[in-house]
There are 2 protein chains.
Amino acid sequence: MLSTTARTTLRRSKDRARTDRADLYAILDAGLVCHLGVLAGGSPMVIPTAYGRIGDTLYLHGSTGATSLRAALGAPVCVTVTHLDGVVLARSAFHHSVNYRSAMVYGLARLVDDPEERLAGLRAVTEQLAPGQWDAVRLPDRKETAATAVVALSLEEASVKVRQGPPKDDEEDYDLPVWAGVLPLTVSWGAPEPDPRLAPGIPVPPHIGNRQPRL
Amino acid sequence: MLSTTARTTLRRSKDRARTDRADLYAILDAGLVCHLGVLAGGSPMVIPTAYGRIGDTLYLHGSTGATSLRAALGAPVCVTVTHLDGVVLARSAFHHSVNYRSAMVYGLARLVDDPEERLAGLRAVTEQLAPGQWDAVRLPDRKETAATAVVALSLEEASVKVRQGPPKDDEEDYDLPVWAGVLPLTVSWGAPEPDPRLAPGIPVPPHIGNRQPRL
């Protein structure tokens with residue numbers, strides 16, 4: 001079950017709330033980037049960034065010099081992952097909406113010091129972006145590892161919201177001669193585009209060429 | 001030209017910075033939802049939400065009871081819009097990346113009081129989600145308008161980041177027998193799904209059925 005703190009309990013549109021931890025995992029695991037919210041210089045700052053998950057821990061990474069990661073360390077942060085599934089077209093402007101799946105995670109960001117956990121975190125971030133790549137590429141050397149901050153966030157406090165299905169119009173509006181329904185959005189992978197500097201004779205590996213959409 | 005305040009001037013990966021205001025408009029106009037960062041109860045909160053643009057003002061809307069909008073009013077906020085264009089697959093784990101276009105806007109959120117600006121803001125938000133709908137549907141009545149908070153954010157302080165093209169590997173890694181390139185992501189509209197309660201004989205209007213992808 002997900003947490004039931006004040007900020008993870010929906011007060012409105014309660015039918016959109018999900019309380020099962022499996023829904024949180026599914027939304028996080030289907031994403032490519034999250035939006036990380038930190039407090040920097042007295043103002044919120046929202047940064048799109050890669051992430052990965054191991055069990056109930058989310059990992060982020062970035063340059064040790066990045067303003068956003070430095071602002072996050074030891075401080076409260078919010079990480080949001082959103083999938084847009086369609087635009088909901090109602091008979092009234094007021095009831096227009098979007099179908100989506102979103103997860104919000106709150107917590108204190110922790111700088112990962114342990115070398116093993118650092119490597120596991122980096123692997124999780126890489127594998128989230130491109131499953132199968134960690135075992136196919138040159139792994140981080142000492143210099144690269146030193147230049148990268150790995151940050152962990154517990155999934156203890158999180159909320160999940162999902163909207164699906166047709167518009168909900170006011171009862172008296174259903175007779176209006178207005179088309180209503182959902183215009184679905186699909187995210188798909190295109191054909192792999194080889195690096196112009198790719199050496200001849202290197203085929204696209206199956207984990208890239210046959211990658212299935214999971215958005 | 002875009003602003004050159006400390007927080008909108010890139011300190012790293014400077015080649016990703018765009019300084020033309022037209023790039024900001026293009027990224028905002030191509031989006032469907034933004035991620036709004038507010039400070040709520042001492043912690044950042046990042047909420048996916050609809051938006052619209054009129055000139056150099058961004059409009060958001062929401063229930064007058066929404067925690068996020070109430071926390072935003074008169075306070076510093078950050079609005080981020082991100083388009084993911086592909087996963088960048090390098091020969092080393094370290095140089096993995098994503099191709100993206102993102103805009104970050106900083107400012108004080110202002111509650112819109114003027115009835116004309118409120119309506120224009122609501123129209124902009126609806127038209128951003130579904131161009132052509134405002135003239136096709138029942139417009140907000142007095143009760144709906146009263147229940148909706150319209151919030152404005154100036155586009156004065158904003159930054160734009162774009163990453164395109166193939167991976168940039170370390171020179172000595174180009175000889176590795178590892179496939180490298182970009183796996184592009186495409187977002188497309190599916191076939192319109194009529195509301196099960198749609199009255200018979202109402203066709204899909206062209207502005208919905210022929211909608212072009214702009215993501």
# chains A, B, ... in the order shown; residues from 1 in each chain; ligands from 1
>>> residues_around(residues="Gly65 of chain A", least_positions_apart="2", cutoff="10 Å", atoms="only C-alpha atoms", output="list in words")
Gly62, Ser63, Thr67, Ser68, Leu69, Arg70, Ala147, Thr148 and Ala149 of chain A; Arg11 and Arg12 of chain B
>>> interface_residues(of="chain B", to="chain A", cutoff="6 Å", atoms="only C-alpha atoms", output="JSON, numbers by chain")
{"B": [37, 38, 43, 44, 45, 46, 76, 77, 78, 91, 92, 93, 94, 137, 138, 139, 140, 166, 179, 180, 181, 182, 183, 184, 185, 186, 187, 188, 189, 190, 192, 193, 194, 195, 202]}
>>> residues_around(residues="Leu58 of chain B", least_positions_apart="6", cutoff="7 Å", atoms="only C-alpha atoms", output="ChimeraX atom specification")
/B:51-52,152-155
>>> residues_around(residues="Val151 of chain A", least_positions_apart="4", cutoff="6 Å", atoms="only C-alpha atoms", output="PDB file with C-alpha atoms, in the first residue's frame")
ATOM      1  CA  TYR A  59      18.179   6.840  -8.105  1.00  0.00           C
ATOM      2  CA  LEU A  60      19.093  10.053  -9.898  1.00  0.00           C
ATOM      3  CA  HIS A  61      22.467  11.086 -11.180  1.00  0.00           C
ATOM      4  CA  ARG A 110      20.450  11.325   0.047  1.00  0.00           C
ATOM      5  CA  LEU A 111      23.919  11.484  -1.539  1.00  0.00           C
ATOM      6  CA  VAL A 112      25.059   7.924  -2.165  1.00  0.00           C
TER       7      VAL A 112
END
>>> atom_distance(atom1="atom CA of Arg163 of chain B", atom2="atom CA of Ala30 of chain B")
16.4 Å
>>> select_by_dssp(residues="segment 123-174 of chain B", states="strand (DSSP E or B)", output="MDAnalysis selection string")
chainID B and resid 138 148:154 157:163
>>> select_by_dssp(residues="segment 13-197 of chain A", states="helix (DSSP H, G or I)", output="ChimeraX atom specification")
/A:14-16,21-29,67-72,93-95,115-129,142-146,171-173
>>> atom_distance(atom1="atom CA of Gly31 of chain A", atom2="atom CA of Asn210 of chain A")
17.7 Å
>>> atom_distance(atom1="atom CA of Ala17 of chain B", atom2="atom CA of Glu156 of chain B")
16.4 Å
